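A.B. asks: Just one file: model-v8.cif, with mmCIF, C-alpha atoms.
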data_run
#
loop_
_atom_site.label_atom_id
_atom_site.label_comp_id
_atom_site.auth_asym_id
_atom_site.auth_seq_id
_atom_site.Cartn_x
_atom_site.Cartn_y
_atom_site.Cartn_z
CA MET A 24 0.00 0.00 0.00
CA ALA A 25 1.45 3.35 -1.10
CA THR A 26 2.05 5.90 1.62
CA GLU A 27 2.20 9.67 1.41
CA PRO A 28 5.76 11.01 1.43
CA LEU A 29 6.86 12.65 4.65
CA PRO A 30 6.82 16.46 4.55
CA LEU A 31 10.19 17.95 3.66
CA ASP A 32 11.82 20.18 6.26
CA VAL A 33 12.56 23.08 3.95
CA ARG A 34 14.45 25.12 6.53
CA GLN A 35 16.62 22.13 7.46
CA LEU A 36 17.44 21.45 3.81
CA VAL A 37 18.42 25.04 3.05
CA LEU A 38 20.28 25.94 6.23
CA TYR A 39 21.80 22.74 7.53
CA SER A 40 21.61 19.74 5.21
CA GLY A 41 24.97 18.74 3.77
CA SER A 42 23.77 17.04 0.57
CA PHE A 43 22.31 19.35 -2.04
CA GLY A 44 22.00 18.29 -5.66
CA PRO A 45 19.41 17.62 -8.40
CA ARG A 46 17.46 15.12 -6.26
CA GLU A 47 17.15 17.50 -3.30
CA ILE A 48 16.23 20.40 -5.60
CA ASP A 49 13.48 18.31 -7.22
CA GLU A 50 12.12 17.35 -3.78
CA LEU A 51 12.20 21.00 -2.73
CA ARG A 52 10.21 22.13 -5.77
CA LYS A 53 7.67 19.33 -5.31
CA GLU A 54 7.24 20.20 -1.64
CA ILE A 55 6.44 23.86 -2.24
CA SER A 56 4.04 22.81 -5.01
CA ARG A 57 2.23 20.47 -2.61
CA ASP A 58 2.04 23.09 0.12
CA PRO A 59 2.14 26.76 -1.01
CA LYS A 60 2.91 27.82 2.58
CA LYS A 61 6.29 26.15 2.18
CA PHE A 62 7.18 28.81 -0.41
CA ASP A 63 7.20 31.48 2.31
CA GLU A 64 9.21 29.09 4.47
CA LEU A 65 11.73 28.74 1.64
CA LYS A 66 11.97 32.52 1.20
CA GLY A 67 12.58 32.93 4.92
CA ALA A 68 15.29 30.27 4.93
CA VAL A 69 16.96 31.85 1.89
CA ASN A 70 17.01 35.27 3.57
CA GLU A 71 18.44 33.72 6.72
CA LEU A 72 21.16 31.91 4.78
CA LYS A 73 21.98 35.09 2.87
CA THR A 74 22.69 36.99 6.08
CA LYS A 75 25.11 34.43 7.53
CA ASP A 76 28.71 35.42 8.16
CA GLU A 77 31.09 35.28 5.22
CA GLU A 78 33.09 32.39 6.71
CA GLU A 79 29.92 30.28 6.88
CA LEU A 80 29.15 30.87 3.20
CA SER A 81 31.57 28.48 1.55
CA PRO A 82 31.60 28.26 -2.28
CA ALA A 83 29.38 25.15 -2.10
CA VAL A 84 26.90 26.93 0.18
CA ARG A 85 26.92 29.90 -2.20
CA VAL A 86 25.80 27.54 -4.95
CA LYS A 87 22.98 26.20 -2.75
CA LEU A 88 21.94 29.77 -1.99
CA GLY A 89 22.01 30.67 -5.69
CA VAL A 90 19.89 27.68 -6.68
CA CYS A 91 17.32 28.40 -3.96
CA GLN A 92 17.18 32.04 -5.07
CA PHE A 93 16.53 30.82 -8.60
CA VAL A 94 13.65 28.65 -7.35
CA ILE A 95 11.97 31.63 -5.63
CA GLY A 96 12.49 33.79 -8.73
CA ALA A 97 15.17 36.11 -7.31
CA TYR A 98 17.23 35.89 -10.49
CA ASP A 99 19.64 38.78 -9.95
CA ASP A 100 20.47 37.55 -6.45
CA SER A 101 20.85 34.02 -7.80
CA PHE A 102 23.37 35.14 -10.41
CA ALA A 103 25.41 37.05 -7.83
CA SER A 104 25.49 34.07 -5.45
CA LEU A 105 26.47 31.57 -8.15
CA LYS A 106 29.32 33.84 -9.27
CA LYS A 107 30.82 33.40 -5.79
CA GLY A 108 30.22 29.64 -5.89
CA ASP A 109 32.52 26.75 -6.68
CA GLY A 110 32.00 26.87 -10.46
CA GLY A 111 31.06 23.18 -10.51
CA ALA A 112 28.54 21.28 -12.59
CA LEU A 113 25.49 22.33 -10.54
CA ALA A 114 26.50 25.99 -10.66
CA GLN A 115 27.05 25.85 -14.43
CA PHE A 116 23.68 24.17 -14.98
CA TYR A 117 21.88 26.97 -13.15
CA PHE A 118 23.99 29.60 -14.88
CA ALA A 119 22.59 28.13 -18.10
CA LYS A 120 19.04 28.51 -16.81
CA LEU A 121 19.71 32.08 -15.67
CA PHE A 122 21.23 33.09 -19.00
CA ALA A 123 18.11 31.73 -20.71
CA VAL A 124 15.86 33.74 -18.37
CA LYS A 125 17.87 36.89 -19.11
CA GLY A 126 17.72 36.25 -22.87
CA ASP A 127 21.45 35.58 -23.37
CA LEU A 128 20.79 32.38 -25.29
CA GLU A 129 24.29 31.83 -26.70
CA ALA A 130 25.72 32.06 -23.18
CA SER A 131 23.07 29.59 -22.01
CA ILE A 132 24.11 26.99 -24.59
CA ALA A 133 27.77 27.45 -23.59
CA ALA A 134 26.93 27.02 -19.90
CA TYR A 135 24.96 23.82 -20.57
CA ASN A 136 28.00 22.47 -22.46
CA THR A 137 30.28 23.42 -19.56
CA ALA A 138 27.92 21.78 -17.04
CA GLN A 139 27.88 18.59 -19.08
CA SER A 140 31.68 18.55 -19.35
CA ALA A 141 31.86 19.04 -15.57
CA GLY A 142 29.77 15.93 -15.01
CA TYR A 143 26.14 17.14 -14.88
CA ASN A 144 23.52 14.71 -16.21
CA VAL A 145 23.90 14.49 -19.99
CA ASP A 146 20.17 14.08 -20.64
CA ASP A 147 19.27 17.12 -18.54
CA CYS A 148 21.82 19.26 -20.38
CA ALA A 149 20.52 18.09 -23.77
CA LEU A 150 16.94 18.90 -22.76
CA GLY A 151 18.08 22.34 -21.61
CA ARG A 152 19.82 22.98 -24.93
CA ALA A 153 16.73 21.80 -26.84
CA GLU A 154 14.66 24.47 -25.08
CA VAL A 155 17.20 27.22 -25.73
CA TYR A 156 17.61 26.28 -29.41
CA ARG A 157 13.83 26.47 -29.73
CA ASP A 158 13.83 29.94 -28.16
CA MET A 159 16.53 30.92 -30.66
CA GLY A 160 14.30 29.79 -33.52
CA LYS A 161 16.68 26.94 -34.35
CA LEU A 162 13.93 24.33 -34.38
CA GLN A 163 15.81 21.64 -36.28
CA GLN A 164 18.70 21.84 -33.81
CA SER A 165 16.20 21.59 -30.98
CA LEU A 166 14.69 18.49 -32.56
CA GLN A 167 18.16 17.09 -33.17
CA GLU A 168 19.04 17.36 -29.48
CA LEU A 169 15.88 15.42 -28.63
CA ASP A 170 16.46 12.80 -31.33
CA TYR A 171 19.90 12.01 -29.88
CA LEU A 172 18.29 11.00 -26.58
CA SER A 173 17.09 7.44 -26.00
CA GLY A 174 16.07 5.07 -23.25
CA ALA A 175 14.24 5.93 -20.04
CA VAL A 176 14.53 9.69 -20.62
CA GLU A 177 12.02 9.40 -23.50
CA GLN A 178 9.28 8.56 -21.01
CA THR A 179 9.99 11.50 -18.70
CA ALA A 180 7.68 14.51 -18.48
CA GLU A 181 10.49 16.93 -19.34
CA TYR A 182 11.42 15.06 -22.54
CA LEU A 183 7.77 14.74 -23.65
CA TYR A 184 7.20 18.43 -22.92
CA GLN A 185 10.28 19.58 -24.84
CA ARG A 186 9.31 17.46 -27.85
CA ALA A 187 5.70 18.73 -27.67
CA ALA A 188 6.83 22.36 -27.54
CA THR A 189 9.23 21.87 -30.46
CA VAL A 190 6.65 20.04 -32.59
CA ASN A 191 4.20 22.83 -31.77
CA ALA A 192 6.73 25.48 -32.79
CA LEU A 193 7.31 23.69 -36.10
CA GLY A 194 3.56 23.96 -36.73
CA VAL A 195 3.40 20.74 -38.71
CA ASN A 196 1.29 18.53 -36.44
CA PRO A 197 -0.76 20.23 -33.70
CA ILE A 198 -2.53 16.97 -32.85
CA GLU A 199 0.80 15.30 -32.09
CA ALA A 200 1.88 18.27 -29.96
CA ILE A 201 -1.28 18.09 -27.84
CA ALA A 202 -0.89 14.33 -27.42
CA LEU A 203 2.70 14.82 -26.24
CA TYR A 204 1.64 17.54 -23.77
CA GLU A 205 -0.99 15.15 -22.39
CA ARG A 206 1.55 12.33 -22.05
CA ALA A 207 3.88 14.70 -20.21
CA VAL A 208 1.12 15.60 -17.74
CA GLN A 209 0.39 11.89 -17.26
CA ALA A 210 4.08 11.34 -16.44
CA ASP A 211 4.10 14.33 -14.05
CA PRO A 212 0.70 15.90 -13.23
CA ASN A 213 2.47 19.05 -12.02
CA HIS A 214 4.96 19.59 -14.86
CA PRO A 215 4.76 23.38 -15.37
CA GLY A 216 5.73 23.45 -19.05
CA ALA A 217 3.32 20.73 -20.08
CA LEU A 218 0.49 22.33 -18.09
CA TYR A 219 1.27 25.69 -19.73
CA GLY A 220 1.27 24.16 -23.20
CA LEU A 221 -2.04 22.38 -22.64
CA ALA A 222 -3.54 25.53 -21.11
CA MET A 223 -2.67 27.60 -24.19
CA GLU A 224 -4.07 24.95 -26.54
CA ASN A 225 -7.34 24.93 -24.58
CA GLU A 226 -7.48 28.72 -24.55
CA ARG A 227 -6.94 28.90 -28.31
CA ARG A 228 -9.95 26.61 -28.71
CA GLY A 229 -12.14 28.66 -26.36
CA ASN A 230 -12.02 26.18 -23.46
CA ASP A 231 -11.39 28.90 -20.88
CA GLU A 232 -12.54 26.90 -17.85
CA GLU A 233 -10.14 24.04 -18.58
CA ALA A 234 -7.38 26.52 -19.46
CA LEU A 235 -7.91 28.26 -16.11
CA LYS A 236 -7.46 25.00 -14.17
CA LEU A 237 -4.27 24.18 -16.08
CA TYR A 238 -2.81 27.68 -15.64
CA GLN A 239 -3.58 27.53 -11.91
CA ARG A 240 -1.75 24.22 -11.58
CA ALA A 241 1.22 25.55 -13.55
CA ALA A 242 1.31 28.68 -11.38
CA GLY A 243 1.77 26.44 -8.35
CA ARG A 244 5.24 25.39 -9.48
CA PHE A 245 8.28 27.55 -8.81
CA PRO A 246 9.86 29.45 -10.44
CA THR A 247 6.71 30.10 -12.43
CA ASN A 248 6.85 30.89 -16.14
CA VAL A 249 6.01 34.55 -16.78
CA GLY A 250 3.65 33.56 -19.60
CA VAL A 251 1.66 31.39 -17.18
CA LEU A 252 1.15 34.28 -14.78
CA MET A 253 0.32 36.82 -17.48
CA ASN A 254 -2.18 34.56 -19.23
CA LEU A 255 -3.72 33.51 -15.93
CA GLY A 256 -4.06 37.17 -14.95
CA VAL A 257 -5.85 37.97 -18.20
CA LEU A 258 -8.23 35.03 -17.70
CA TYR A 259 -8.98 36.21 -14.17
CA GLU A 260 -9.76 39.68 -15.55
CA ASP A 261 -12.11 38.17 -18.14
CA MET A 262 -13.92 36.49 -15.26
CA GLU A 263 -13.88 39.79 -13.29
CA ARG A 264 -11.70 38.21 -10.61
CA TYR A 265 -9.53 41.29 -10.51
CA GLU A 266 -7.83 40.79 -7.15
CA GLU A 267 -6.52 37.41 -8.29
CA ALA A 268 -5.29 39.06 -11.50
CA VAL A 269 -3.45 41.66 -9.40
CA ALA A 270 -1.71 38.87 -7.48
CA CYS A 271 -0.52 37.29 -10.76
CA TYR A 272 0.97 40.52 -12.11
CA LYS A 273 2.64 41.24 -8.75
CA ARG A 274 4.36 37.86 -8.90
CA VAL A 275 5.75 38.72 -12.35
CA LEU A 276 7.05 42.05 -11.07
CA ASP A 277 8.66 40.38 -8.03
CA ALA A 278 10.91 38.50 -10.45
CA TYR A 279 11.08 41.15 -13.20
CA PRO A 280 10.65 44.60 -11.62
CA MET A 281 11.19 46.33 -14.97
CA ASP A 282 8.57 44.35 -16.93
CA GLU A 283 6.54 47.18 -18.49
CA ARG A 284 3.70 44.96 -19.71
CA ALA A 285 3.15 43.44 -16.26
CA ALA A 286 3.27 46.91 -14.69
CA LEU A 287 0.60 48.25 -17.07
CA TYR A 288 -1.60 45.17 -16.64
CA LEU A 289 -1.25 45.53 -12.86
CA LYS A 290 -2.33 49.18 -13.08
CA ASP A 291 -5.39 48.21 -15.14
CA ALA A 292 -6.34 45.38 -12.78
CA LYS A 293 -5.96 47.59 -9.70
CA ALA A 294 -8.18 50.21 -11.32
CA ALA A 295 -10.78 47.51 -12.01
CA VAL A 296 -10.65 46.46 -8.34
CA GLU A 297 -11.38 50.05 -7.30
CA ILE A 298 -14.28 50.29 -9.77
CA VAL A 299 -15.80 47.07 -8.40
CA LYS A 300 -15.44 48.36 -4.82
CA ALA A 301 -16.85 51.80 -5.66
CA PRO A 302 -20.44 52.54 -4.60
CA VAL A 303 -23.10 52.14 -7.27
CA VAL A 304 -24.22 55.40 -8.83
CA SER A 305 -27.20 56.16 -11.01
CA GLY A 306 -26.86 56.25 -14.76
CA PRO A 307 -25.09 53.91 -17.21
CA THR A 308 -21.77 52.39 -16.11
CA GLU A 309 -18.61 52.58 -18.17
CA THR A 310 -18.92 48.85 -18.89
CA THR A 311 -22.46 49.34 -20.22
CA LYS A 312 -21.26 52.21 -22.37
CA MET A 313 -18.49 50.05 -23.83
CA ARG A 314 -20.94 47.27 -24.63
CA ASN A 315 -23.29 49.74 -26.30
CA LEU A 316 -20.47 51.06 -28.47
CA GLN A 317 -19.78 47.50 -29.64
CA LYS A 318 -23.42 46.89 -30.60
CA LYS A 319 -23.90 46.16 -34.31
CA ILE A 320 -25.90 48.55 -36.51
CA SER A 321 -27.77 45.49 -37.82
CA GLU A 322 -29.26 45.05 -34.32
CA ILE A 323 -30.86 48.53 -34.46
CA GLU A 324 -34.27 49.09 -36.12
CA LEU A 325 -33.40 51.80 -38.64
CA SER A 326 -35.13 52.85 -41.82
CA GLN A 327 -33.71 51.45 -45.04
CA ARG A 328 -32.49 54.90 -46.10
CA SER A 329 -30.48 55.36 -42.89
CA ARG A 330 -29.19 51.80 -43.08
CA ASN A 331 -28.00 52.27 -46.69
CA CYS A 332 -26.21 55.48 -45.77
CA LEU A 333 -24.34 53.90 -42.88
CA ALA A 334 -23.39 50.88 -44.97
CA ALA A 335 -21.95 53.20 -47.64
CA MET A 336 -19.84 54.87 -44.94
CA GLY A 337 -18.55 51.53 -43.66
CA VAL A 338 -20.28 52.00 -40.31
CA GLU A 339 -20.81 48.62 -38.64
CA THR A 340 -21.17 49.39 -34.91
CA LEU A 341 -22.56 52.18 -32.74
CA GLY A 342 -18.92 52.97 -31.91
CA ASP A 343 -18.29 53.54 -35.64
CA LEU A 344 -21.36 55.75 -35.83
CA CYS A 345 -20.35 57.82 -32.80
CA SER A 346 -17.03 58.61 -34.46
CA HIS A 347 -18.94 60.73 -37.03
CA THR A 348 -20.52 64.15 -36.65
CA GLU A 349 -23.92 65.35 -37.85
CA GLN A 350 -22.16 67.13 -40.73
CA ASP A 351 -20.50 63.88 -41.83
CA LEU A 352 -23.90 62.21 -42.17
CA LEU A 353 -25.62 65.16 -43.84
CA ARG A 354 -22.94 65.20 -46.55
CA MET A 355 -24.13 61.78 -47.74
CA PRO A 356 -26.51 61.74 -50.77
CA ASN A 357 -30.21 61.27 -49.93
CA PHE A 358 -29.56 61.74 -46.22
CA GLY A 359 -31.56 64.52 -44.57
CA ASP A 360 -32.85 65.80 -41.25
CA THR A 361 -35.41 62.99 -40.93
CA SER A 362 -32.73 60.29 -41.09
CA LEU A 363 -30.46 62.34 -38.83
CA ASN A 364 -33.13 62.72 -36.14
CA GLU A 365 -33.94 59.02 -36.37
CA ILE A 366 -30.30 58.09 -35.72
CA LYS A 367 -29.91 60.63 -32.89
CA GLN A 368 -33.01 59.26 -31.16
CA HIS A 369 -31.70 55.69 -31.37
CA LEU A 370 -28.31 56.73 -30.01
CA ALA A 371 -29.96 58.58 -27.12
CA THR A 372 -31.63 55.36 -25.96
CA PHE A 373 -28.12 53.95 -25.42
CA ASP A 374 -26.87 57.20 -23.81
CA LEU A 375 -24.68 57.84 -26.86
CA LYS A 376 -24.39 60.72 -29.31
CA LEU A 377 -22.73 61.59 -32.60
CA GLY A 378 -19.14 62.84 -32.43
CA MET A 379 -18.48 61.46 -28.94
CA GLN A 380 -15.78 59.01 -30.03
CA THR A 381 -13.41 60.68 -32.47
CA ALA A 382 -15.08 63.77 -33.84
CA GLY A 383 -14.52 64.22 -37.53
CA ALA A 384 -12.89 60.80 -38.00
CA PRO A 385 -12.89 59.66 -41.62
CA ALA A 386 -15.42 57.06 -42.64
CA ALA A 387 -14.23 53.50 -42.47
CA VAL A 388 -13.50 52.09 -45.89
CA SER A 389 -12.70 48.46 -46.61
CA PRO A 390 -9.39 48.51 -48.46
CA VAL A 391 -10.07 44.99 -49.74
CA ALA A 392 -13.02 46.28 -51.76
CA ASP A 393 -11.12 49.28 -53.15
CA GLU A 394 -10.29 48.74 -56.83
CA ASP A 395 -7.15 50.87 -56.48
CA VAL A 396 -5.61 48.52 -53.91
CA PRO A 397 -2.90 46.30 -55.47
CA PRO A 398 -3.54 42.53 -55.44
CA GLU A 399 -0.65 41.99 -53.00
CA MET A 400 -2.26 44.34 -50.49
CA ARG A 401 -5.65 42.69 -50.91
CA ARG A 402 -4.09 39.32 -50.12
CA LEU A 403 -2.45 40.80 -47.02
CA LEU A 404 -5.69 42.36 -45.79
CA ALA A 405 -7.56 39.10 -46.34
CA LEU A 406 -5.20 37.20 -44.02
CA PRO A 407 -6.66 36.07 -40.69
CA VAL A 408 -5.87 38.38 -37.78
CA GLY A 409 -4.24 35.37 -36.08
CA ASP A 410 -1.31 35.80 -38.49
CA LEU A 411 -0.28 38.86 -36.45
CA GLU A 412 0.58 36.47 -33.56
CA LEU A 413 -1.04 38.69 -30.93
CA SER A 414 -0.87 38.22 -27.18
CA VAL A 415 -3.74 36.53 -25.34
CA ARG A 416 -5.33 39.82 -24.25
CA ALA A 417 -5.24 41.32 -27.75
CA ARG A 418 -6.52 38.05 -29.28
CA LYS A 419 -9.50 38.04 -26.94
CA CYS A 420 -10.36 41.60 -27.96
CA MET A 421 -10.35 40.56 -31.63
CA THR A 422 -12.77 37.75 -30.79
CA ARG A 423 -15.08 40.03 -28.80
CA LEU A 424 -15.20 42.60 -31.60
CA GLY A 425 -15.74 39.90 -34.24
CA ILE A 426 -12.54 40.87 -36.09
CA LYS A 427 -11.41 37.96 -38.22
CA SER A 428 -9.10 39.48 -40.85
CA ILE A 429 -6.35 42.10 -40.92
CA GLY A 430 -8.55 44.12 -43.27
CA GLU A 431 -11.33 44.21 -40.67
CA LEU A 432 -8.84 45.24 -37.99
CA ILE A 433 -7.52 48.32 -39.81
CA LYS A 434 -11.09 49.59 -40.19
CA LYS A 435 -11.19 50.06 -36.41
CA THR A 436 -10.05 53.15 -34.55
CA ALA A 437 -7.86 53.08 -31.46
CA ASP A 438 -10.83 54.25 -29.35
CA GLU A 439 -12.96 51.36 -30.57
CA LEU A 440 -10.29 48.86 -29.54
CA LEU A 441 -9.75 50.59 -26.20
CA SER A 442 -13.46 50.33 -25.48
CA CYS A 443 -13.14 46.53 -25.48
CA LYS A 444 -13.09 44.85 -22.07
CA ASN A 445 -9.58 44.42 -20.58
CA PHE A 446 -7.93 46.00 -23.64
CA GLY A 447 -5.48 48.73 -22.65
CA VAL A 448 -2.67 50.88 -23.99
CA THR A 449 -0.17 47.99 -23.91
CA SER A 450 -2.35 45.91 -26.22
CA LEU A 451 -3.00 48.92 -28.46
CA ASN A 452 0.75 49.55 -28.79
CA GLU A 453 1.25 45.86 -29.59
CA ILE A 454 -1.32 45.98 -32.41
CA ASN A 455 0.11 49.23 -33.79
CA GLU A 456 3.59 47.66 -33.86
CA LYS A 457 2.34 44.48 -35.56
CA LEU A 458 0.46 46.49 -38.18
CA ALA A 459 3.39 48.87 -38.72
CA SER A 460 5.66 45.90 -39.45
CA LYS A 461 3.35 45.16 -42.40
CA GLY A 462 3.07 48.80 -43.49
CA LEU A 463 -0.45 49.18 -42.10
CA LYS A 464 -2.19 51.23 -39.40
CA LEU A 465 -5.53 51.58 -37.67
CA ARG A 466 -8.17 53.95 -39.03
CA GLY A 467 -7.54 57.51 -37.96
CA GLU A 468 -3.89 56.90 -37.00
#
Now that the file is in, can you turn its structure into structure tokens?
C.D. replies:
Amino acid sequence: MATEPLPLDVRQLVLYSGSFGPREIDELRKEISRDPKKFDELKGAVNELKTKDEEELSPAVRVKLGVCQFVIGAYDDSFASLKKGDGGALAQFYFAKLFAVKGDLEASIAAYNTAQSAGYNVDDCALGRAEVYRDMGKLQQSLQELDYLSGAVEQTAEYLYQRAATVNALGVNPIEAIALYERAVQADPNHPGALYGLAMENERRGNDEEALKLYQRAAGRFPTNVGVLMNLGVLYEDMERYEEAVACYKRVLDAYPMDERAALYLKDAKAAVEIVKAPVVSGPTETTKMRNLQKKISEIELSQRSRNCLAAMGVETLGDLCSHTEQDLLRMPNFGDTSLNEIKQHLATFDLKLGMQTAGAPAAVSPVADEDVPPEMRRLLALPVGDLELSVRARKCMTRLGIKSIGELIKKTADELLSCKNFGVTSLNEINEKLASKGLKLRGE
């Protein structure tokens, strides 16, 4: 009969235990995943070890300190401690991980090679290199590293995850990638990479509830992937669980204080918390206003004359309509005061009015339908918006607004995008950059 493993004495391991290698590190990470309170215990033990007298901090102890700092996400401190360590195989292996975190991928490969030469597990070093080569975009080299491995390692969660991630990056067989992620989770139900991969696949397919569970499990392993925390935070915001989103972004900033995206997302989430806590006031809320702006013209009972006019102007939503002034509408052929009053009355029922969005903005025109647009540009505008490889938050906005192609995206104004739930300046800048790389821009920019 299987018995539950005895709880690990984290403080004892960090401060007093003599043996400290890959097995102990794995046990430490599993323990803090089983019991989140042990994470605070680990941080306390690390701080206590850090303040010991210099003579007590031998090179080997410095390496232990550096590894533990890596586990809690204190990467700068980890690097400084390892530099004062013994330079052995364990230190080199974690130097490799730190270089990867910092984006110095060539240095990471070199450190994995040094760790292997110093006697670190060959399979672990190969799996580390496979991940770094994938991050470098050298997918065939990543696959090559994995193909060289054989035996028991092929059944491990880390191997299955690395192969899944590489197959996924190659984009040739998504079904195989998902199957490999699932096998990795079967081998280790708490493998952070495999959980992250499965979570993203579920999110892409609209399975937000399952994605949430997987992200939550991945977030319980330390150090936690930044992407896990950011995507989990966005999901929490979608579910209006803003305080939990705040906690996710704070964890990112604990490890990466200069992460601008996490800082902006944190600011947005904190603002949402304050809005939720604010007393209810009479009149339409900002959320209601945003939803009204996204409402389709086809949902409004307008006369055929008014409908034809708006269609000719490329107006699809109330947000589009509110970006025009009375003068813009009256310039249209066969459009008079009767049609104008009809539209103003309809807008008033939604607490909206003409010109409130971007007064005097030019009418949206579909470049795809423009005979003067070269065929190459038409093909570009017809591409799915997914080809822009947007972040989770920006992708969700595209879905909410019903934007399927790049051509549909550039018909939108910045204000229309910003009116979408959980879409902020960071996401807007991201979209502007993606469009600019293709020589395009949003309407009115």
A.B. asks: Tell me, as a PyMOL selection string, which residues lie within 9 Å of region 323-334 of chain A, counting all atoms listed in the file; anything in the same chain fewer than 2 positions away does not count.
C.D. replies: chain A and resi 318-321+336-339+344+352+355-358+362-363+365-366+369
A.B. asks: Restricting the calculation to all atoms listed in the file: of A:Gly462, A:Arg264, A:Asn315, A:Gly44, which residue gets closest to Met400 (chain A)?
C.D. replies: A:Gly462
A.B. asks: Skip Met159 (chain A) itself and residues of its chain fewer than 3 positions away, then list as a list of chain:residue names all residues within 12 Å of it, counting all atoms listed in the file.
C.D. replies: A:Ala123, A:Gly126, A:Asp127, A:Leu128, A:Glu129, A:Ala130, A:Ser131, A:Ile132, A:Arg152, A:Ala153, A:Glu154, A:Val155, A:Tyr156, A:Leu162, A:Gln163, A:Gln164, A:Ser165, A:Thr189, A:Ala192
A.B. asks: What are the centre and the three edge lengths of an axis-aligned box that wraps all atoms of region 40-48 of chain A in the file, given that 8 Å is added to every side, written as lines of an AutoDock Vina configuration file and rounded to one decimal in Å?
C.D. replies:
center_x = 20.6
center_y = 17.8
center_z = -1.6
size_x = 24.7
size_y = 21.3
size_z = 29.6
A.B. asks: Specify as an MDAnalysis selection string each residue included when the PyMOL selection byres ((chain A and resi 449) around 9) is applied to this file.
C.D. replies: chainID A and resid 283:284 287:288 446:448 450:454
A.B. asks: Using Å and a single decimal, report how far CA of Glu322 (chain A) sits from CA of Leu341 (chain A).
C.D. replies: 9.9 Å
A.B. asks: Would you kindly translate the PyMOL selection byres ((chain A and resi 218) around 10) into the concrete residues it picks from this file, as number ranges by chain?
C.D. replies: A: 184, 204-205, 207-208, 211-217, 219-224, 234, 236-242, 251
A.B. asks: Taking C-alpha atoms for each residue, export the selection above as a tab-separated table (two decimals), in the coordinates of the input.
C.D. replies:
chain	number	residue	atom	x	y	z
A	184	TYR	CA	7.20	18.43	-22.92
A	204	TYR	CA	1.64	17.54	-23.77
A	205	GLU	CA	-0.99	15.15	-22.39
A	207	ALA	CA	3.88	14.70	-20.21
A	208	VAL	CA	1.12	15.60	-17.74
A	211	ASP	CA	4.10	14.33	-14.05
A	212	PRO	CA	0.70	15.90	-13.23
A	213	ASN	CA	2.47	19.05	-12.02
A	214	HIS	CA	4.96	19.59	-14.86
A	215	PRO	CA	4.76	23.38	-15.37
A	216	GLY	CA	5.73	23.45	-19.05
A	217	ALA	CA	3.32	20.73	-20.08
A	219	TYR	CA	1.27	25.69	-19.73
A	220	GLY	CA	1.27	24.16	-23.20
A	221	LEU	CA	-2.04	22.38	-22.64
A	222	ALA	CA	-3.54	25.53	-21.11
A	223	MET	CA	-2.67	27.60	-24.19
A	224	GLU	CA	-4.07	24.95	-26.54
A	234	ALA	CA	-7.38	26.52	-19.46
A	236	LYS	CA	-7.46	25.00	-14.17
A	237	LEU	CA	-4.27	24.18	-16.08
A	238	TYR	CA	-2.81	27.68	-15.64
A	239	GLN	CA	-3.58	27.53	-11.91
A	240	ARG	CA	-1.75	24.22	-11.58
A	241	ALA	CA	1.22	25.55	-13.55
A	242	ALA	CA	1.31	28.68	-11.38
A	251	VAL	CA	1.66	31.39	-17.18
A.B. asks: What's around Met262 (chain A) at 10 Å? Count all atoms listed in the file, leave out sequence neighbours fewer than 6 positions away in its own chain, and write the answer as a ChimeraX atom specification.
C.D. replies: /A:231,256,268
A.B. asks: Just give me the gap between CA of Met281 (chain A) and CA of Asp99 (chain A) in Å, one decimal is fine.
C.D. replies: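 So the answer is 12.4 Å.
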A.B. asks: Determine, counting only C-alpha atoms, which protein, DNA and RNA residues have an atom within 8 Å of an atom of Val69 (chain A); residues of the same chain fewer than 4 positions away are not included. Present the result as a PDB file with C-alpha atoms, in the coordinates of the input.
C.D. replies:
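Wrote it out as around_29.pdb, contents follow:
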ATOM      1  CA  VAL A  37      18.420  25.040   3.050  1.00  0.00           C
ATOM      2  CA  LEU A  65      11.730  28.740   1.640  1.00  0.00           C
ATOM      3  CA  LYS A  73      21.980  35.090   2.870  1.00  0.00           C
ATOM      4  CA  LEU A  88      21.940  29.770  -1.990  1.00  0.00           C
ATOM      5  CA  CYS A  91      17.320  28.400  -3.960  1.00  0.00           C
ATOM      6  CA  GLN A  92      17.180  32.040  -5.070  1.00  0.00           C
TER       7      GLN A  92
END
A.B. asks: Write out as a ChimeraX atom specification the residues lying within 7 Å of Leu377 (chain A), counting only C-alpha atoms and excluding same-chain residues fewer than 2 positions away.
C.D. replies: /A:344-349,379
A.B. asks: Between A:Leu316, A:Val408, A:Leu370, A:Ala149, which has the minimum distance to Asp438 (chain A) (counting all atoms listed in the file)?
C.D. replies: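 Closest candidate: A:Leu316.
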A.B. asks: Please measure the separation of CA of Leu31 (chain A) and CA of Glu54 (chain A), giving the value in Å to one decimal.
C.D. replies: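 According to the coordinates, CA of Leu31 (chain A) and CA of Glu54 (chain A) are separated by 6.5 Å.
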A.B. asks: Where does region 256-373 of chain A meet region 418-432 of chain A within 10 Å, residue by residue, with the nearest atom pair and distance in Å to one decimal for each, counting all atoms listed in the file, listed by chain and rising number, as JSON lines?
C.D. replies:
{"residue": "A:Val257", "atom": "CA", "partner": "A:Lys419", "partner_atom": "CA", "distance": 9.5}
{"residue": "A:Leu258", "atom": "CA", "partner": "A:Lys419", "partner_atom": "CA", "distance": 9.8}
{"residue": "A:Asp261", "atom": "CA", "partner": "A:Lys419", "partner_atom": "CA", "distance": 9.2}
{"residue": "A:Gln317", "atom": "CA", "partner": "A:Leu424", "partner_atom": "CA", "distance": 7.0}
{"residue": "A:Lys318", "atom": "CA", "partner": "A:Leu424", "partner_atom": "CA", "distance": 9.3}
{"residue": "A:Lys319", "atom": "CA", "partner": "A:Leu424", "partner_atom": "CA", "distance": 9.8}
{"residue": "A:Thr340", "atom": "CA", "partner": "A:Leu424", "partner_atom": "CA", "distance": 9.6}
